[in-house]
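> Below you'll find the structure I mean.
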Amino acid sequence: MKRFTACLIIISLMINCSYASAYNKSVIKEENDIHDEKKDSGLNISAKSAVLIENNSGRILYQQKKDEELIPASITKIMTLILIFEAIHNKKISLKDNVSVSEYAASMGGSQVFLEPGEIQTVDTMIKCISIASGNDAAVAMAEFVSGSEPAFVKMMNKKAKELGMKHTHFKNCNGLDDSIESGHYSSAYDVALMSRELVTKYPEISKYSTVWMDEITHSTKKGDSQFGLTNTNKLIRTYQGITGLKTGSTSKAKYCLSATAERNGVNLTAVVMAAPDPKERFIEAASLLDYGFANCSNYTEEIDDIPLKEQKISSGVKDKIIPRIEEKFSYTLCNDESAEKIKRKISYKKDITAPIKEGDDIGKIEYIIAGKKIKTIPIKAAESIKKAKYMDYVKKLFNHFLIA
């Protein structure tokens, strides 16, 4: 019995040692991973969460708790701006449209431009108020103008978030005012980067607003006209080379947040910091992230004229060959150890190109591959229209053939 008890004790000790060893290895590995990330990047980010992405491909260049669900504050308005520009793009609204301010919109606290109930401003002015001064009242007024009500607009925001793959985001309002994770209003650094990328790449005209340092609007009310100054909350637009935007956010609960976008020599980046300890630190750390990206990335472009394209055979047409063309150049952002020499180009055409063919029809494609991964596909199009051959066209071809013979 004593021997049996002793054996049980030994087995128990062995199991505990095994668990302890596995746990210690896991902890050591986790600590090493964190250490290596900071060692590799040389960055020391004090914000609770941060991410840096390259906008051309969406690749993540740096991450620190990128998926942690946090309070986004006014960077919520990035999604609001996406939906506004989408409505403009779809011609649902225009920049010159007049927007009437409701009692509810005018009642917003926090950062505001002090719109009054019944006041009318253009869509263009409202975008200025949102982008430059982070006006909560302007954001709600535009939400109501686009969708009829803020709740309806918020549904659109959450739908768009799903479309963009924002897995750690849910909106309860259009401006980020008085939000909390418990209420169901939250986002993550990576999700903010995704919607920032969508805004600056799909609607680059946002930079005409987001890079303005100071402007003013005119309040026209029953009391008369008065000027109101707008000052940009993003201090990087005065100090950082190539800055294109984008949006700040801060509340007592959210701390200090920033999504900063910048472009240099064809390299387009988005840096997001969330829950930074103080307002200055968010700008310093966002600038550090952007510096890191620009130091490790470069743009490679292959011009259209540099790509060899040959005439292709076409069947059943009035001509035997068709001229191909491409309408866009290849552009790719090289990062870290990538080089242009590693990019492979593969040109392929449809096996059976048959008339009739219209100018602009797809007749092939160019695939670009790096390290075995397809990075871009560019369509090859017909540079001319070729009609289907009729009986007399075949007779002419035959006659010409005999003449040449």
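As shown in the structure tokens, the chain order sets the letters A, B, ...; within each chain, residues go from 1, and ligands are also counted from 1 in the order they appear.
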Set the distance at 7 Å and use only C-alpha atoms: which residues neighbour region 181-194 of chain A once local chain neighbours fewer than 5 positions away are removed? I'd like the list as a PDB file with N, CA and C atoms, in the first residue's frame.


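Just written: around_10.pdb:
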ATOM      1  N   SER A  49      -3.524  50.278 -27.615  1.00  0.00           N
ATOM      2  CA  SER A  49      -3.647  49.501 -28.850  1.00  0.00           C
ATOM      3  C   SER A  49      -3.143  50.340 -30.012  1.00  0.00           C
ATOM      4  N   ALA A  50      -2.505  49.679 -30.979  1.00  0.00           N
ATOM      5  CA  ALA A  50      -1.980  50.417 -32.134  1.00  0.00           C
ATOM      6  C   ALA A  50      -1.814  49.477 -33.322  1.00  0.00           C
ATOM      7  N   VAL A  51      -1.873  50.061 -34.509  1.00  0.00           N
ATOM      8  CA  VAL A  51      -1.661  49.276 -35.715  1.00  0.00           C
ATOM      9  C   VAL A  51      -1.185  50.201 -36.829  1.00  0.00           C
ATOM     10  N   LYS A  66      -4.112  44.769 -31.646  1.00  0.00           N
ATOM     11  CA  LYS A  66      -4.867  45.400 -32.728  1.00  0.00           C
ATOM     12  C   LYS A  66      -6.366  45.090 -32.693  1.00  0.00           C
ATOM     13  N   ASP A  67      -6.759  43.968 -32.105  1.00  0.00           N
ATOM     14  CA  ASP A  67      -8.171  43.568 -32.113  1.00  0.00           C
ATOM     15  C   ASP A  67      -8.883  43.826 -30.791  1.00  0.00           C
ATOM     16  N   GLU A  68      -8.216  44.470 -29.855  1.00  0.00           N
ATOM     17  CA  GLU A  68      -8.856  44.728 -28.565  1.00  0.00           C
ATOM     18  C   GLU A  68      -9.989  45.741 -28.739  1.00  0.00           C
ATOM     19  N   GLU A  69     -11.153  45.394 -28.210  1.00  0.00           N
ATOM     20  CA  GLU A  69     -12.321  46.255 -28.352  1.00  0.00           C
ATOM     21  C   GLU A  69     -12.261  47.398 -27.335  1.00  0.00           C
ATOM     22  N   LEU A  70     -12.189  48.623 -27.884  1.00  0.00           N
ATOM     23  CA  LEU A  70     -12.021  49.811 -27.067  1.00  0.00           C
ATOM     24  C   LEU A  70     -13.052  50.875 -27.461  1.00  0.00           C
ATOM     25  N   ILE A  71     -13.105  51.937 -26.681  1.00  0.00           N
ATOM     26  CA  ILE A  71     -14.022  53.040 -26.967  1.00  0.00           C
ATOM     27  C   ILE A  71     -13.380  53.930 -28.035  1.00  0.00           C
ATOM     28  N   PRO A  72     -14.042  54.145 -29.172  1.00  0.00           N
ATOM     29  CA  PRO A  72     -13.415  54.888 -30.266  1.00  0.00           C
ATOM     30  C   PRO A  72     -13.586  56.405 -30.212  1.00  0.00           C
ATOM     31  N   LEU A 164     -16.737  45.695 -44.620  1.00  0.00           N
ATOM     32  CA  LEU A 164     -15.300  45.985 -44.605  1.00  0.00           C
ATOM     33  C   LEU A 164     -14.511  44.980 -43.777  1.00  0.00           C
ATOM     34  N   MET A 166     -14.837  44.460 -40.474  1.00  0.00           N
ATOM     35  CA  MET A 166     -14.562  45.003 -39.145  1.00  0.00           C
ATOM     36  C   MET A 166     -15.232  44.107 -38.095  1.00  0.00           C
ATOM     37  N   HIS A 168     -14.526  43.581 -34.911  1.00  0.00           N
ATOM     38  CA  HIS A 168     -14.538  43.986 -33.497  1.00  0.00           C
ATOM     39  C   HIS A 168     -15.113  45.396 -33.341  1.00  0.00           C
ATOM     40  N   THR A 169     -16.178  45.654 -34.087  1.00  0.00           N
ATOM     41  CA  THR A 169     -16.792  46.978 -34.076  1.00  0.00           C
ATOM     42  C   THR A 169     -18.306  46.880 -34.010  1.00  0.00           C
ATOM     43  N   HIS A 170     -18.914  47.768 -33.237  1.00  0.00           N
ATOM     44  CA  HIS A 170     -20.365  47.934 -33.265  1.00  0.00           C
ATOM     45  C   HIS A 170     -20.655  49.379 -32.891  1.00  0.00           C
ATOM     46  N   PHE A 171     -21.511  50.018 -33.678  1.00  0.00           N
ATOM     47  CA  PHE A 171     -21.843  51.423 -33.452  1.00  0.00           C
ATOM     48  C   PHE A 171     -23.230  51.568 -32.833  1.00  0.00           C
ATOM     49  N   LYS A 172     -23.347  52.569 -31.951  1.00  0.00           N
ATOM     50  CA  LYS A 172     -24.644  52.919 -31.365  1.00  0.00           C
ATOM     51  C   LYS A 172     -25.047  54.348 -31.725  1.00  0.00           C
ATOM     52  N   THR A 270      -1.646  54.045 -43.058  1.00  0.00           N
ATOM     53  CA  THR A 270      -2.579  54.442 -41.997  1.00  0.00           C
ATOM     54  C   THR A 270      -2.027  53.959 -40.668  1.00  0.00           C
ATOM     55  N   VAL A 272      -2.891  53.929 -36.545  1.00  0.00           N
ATOM     56  CA  VAL A 272      -3.965  54.135 -35.566  1.00  0.00           C
ATOM     57  C   VAL A 272      -3.427  53.880 -34.169  1.00  0.00           C
ATOM     58  N   VAL A 273      -3.669  54.821 -33.262  1.00  0.00           N
ATOM     59  CA  VAL A 273      -3.369  54.595 -31.848  1.00  0.00           C
ATOM     60  C   VAL A 273      -4.660  54.827 -31.069  1.00  0.00           C
ATOM     61  N   MET A 274      -4.912  53.958 -30.102  1.00  0.00           N
ATOM     62  CA  MET A 274      -6.129  54.071 -29.287  1.00  0.00           C
ATOM     63  C   MET A 274      -5.772  54.013 -27.812  1.00  0.00           C
TER      64      MET A 274
END

> Write out as JSON lines the residues of region 274-309 of chain A that have any atom within 8 Å of an atom of region 256-269 of chain A, one row each with the nearest atom pair and its distance in Å to one decimal, counting only C-alpha atoms, sorted by chain and then rising number.


{"residue": "A:Met274", "atom": "CA", "partner": "A:Cys257", "partner_atom": "CA", "distance": 4.4}
{"residue": "A:Ala275", "atom": "CA", "partner": "A:Tyr256", "partner_atom": "CA", "distance": 5.1}
{"residue": "A:Ala276", "atom": "CA", "partner": "A:Tyr256", "partner_atom": "CA", "distance": 4.9}
{"residue": "A:Pro277", "atom": "CA", "partner": "A:Tyr256", "partner_atom": "CA", "distance": 6.6}
{"residue": "A:Asp278", "atom": "CA", "partner": "A:Tyr256", "partner_atom": "CA", "distance": 6.2}
{"residue": "A:Pro279", "atom": "CA", "partner": "A:Tyr256", "partner_atom": "CA", "distance": 5.7}
{"residue": "A:Arg282", "atom": "CA", "partner": "A:Leu258", "partner_atom": "CA", "distance": 6.5}
{"residue": "A:Phe283", "atom": "CA", "partner": "A:Leu258", "partner_atom": "CA", "distance": 7.5}
{"residue": "A:Ala286", "atom": "CA", "partner": "A:Ala260", "partner_atom": "CA", "distance": 6.6}
{"residue": "A:Leu290", "atom": "CA", "partner": "A:Leu269", "partner_atom": "CA", "distance": 6.8}
{"residue": "A:Gly293", "atom": "CA", "partner": "A:Leu269", "partner_atom": "CA", "distance": 7.2}
{"residue": "A:Phe294", "atom": "CA", "partner": "A:Val267", "partner_atom": "CA", "distance": 7.2}
{"residue": "A:Cys297", "atom": "CA", "partner": "A:Val267", "partner_atom": "CA", "distance": 7.0}
{"residue": "A:Ser298", "atom": "CA", "partner": "A:Val267", "partner_atom": "CA", "distance": 6.2}
{"residue": "A:Asn299", "atom": "CA", "partner": "A:Gly266", "partner_atom": "CA", "distance": 5.5}

> Measuring atom to atom with only C-alpha atoms, identify which of A:Ala106, A:Met79, A:Met142, A:Ile369 is nearest to Ile93 (chain A).

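Using only C-alpha atoms, the shortest distance to Ile93 (chain A) belongs to A:Met142.
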
> Per DSSP on the backbone, filter region 190-359 of chain A down to the residues in strand (DSSP E or B) and report them as a ChimeraX atom specification.

/A:214-221,224-231,243-251,255-264,267-276,297-302,312-313,315,317,321-322,324-325,330-335,343-349,354,357

> Excluding region 207-217 of chain A and residues on its chain fewer than 4 positions from it, collect all residues at most 6 Å away from it, counting only C-alpha atoms, and give them as a list in words.

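That gives Lys128, Ser131, Ile132, Gln227, Phe228, Gly229, Leu230, Thr231, Asn232, Ile237, Thr244, Gly245 and Leu246 of chain A.
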
> For CA of Ser288 (chain A) and CA of Ser111 (chain A), determine how far apart the two atoms are, in Å to one decimal place.

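Taking CA of Ser288 (chain A) as the start and CA of Ser111 (chain A) as the end point, the length is 27.1 Å.
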
> Between A:Lys202, A:Lys167, A:Lys162, A:Lys255, which one has atoms that come closest to Ile82 (chain A), using only C-alpha atoms?

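Smallest distance to Ile82 (chain A) is found for A:Lys202.
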
> List every residue of region 47-165 of chain A that has an atom at most 9 Å from any atom of region 312-333 of chain A, and for each one report the closest atom pair and its distance in Å to one decimal, counting only C-alpha atoms, with rows sorted by chain and then by increasing residue number, as CSV.


residue,atom,partner,partner_atom,distance
A:Glu54,CA,A:Thr333,CA,7.8
A:Asn56,CA,A:Thr333,CA,6.9
A:Ser57,CA,A:Thr333,CA,7.8

> From the list A:Thr76, A:Ser180, A:Asn234, A:Asn158, which residue is nearest Ser252 (chain A) when using only C-alpha atoms?

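Closest candidate: A:Ser180.
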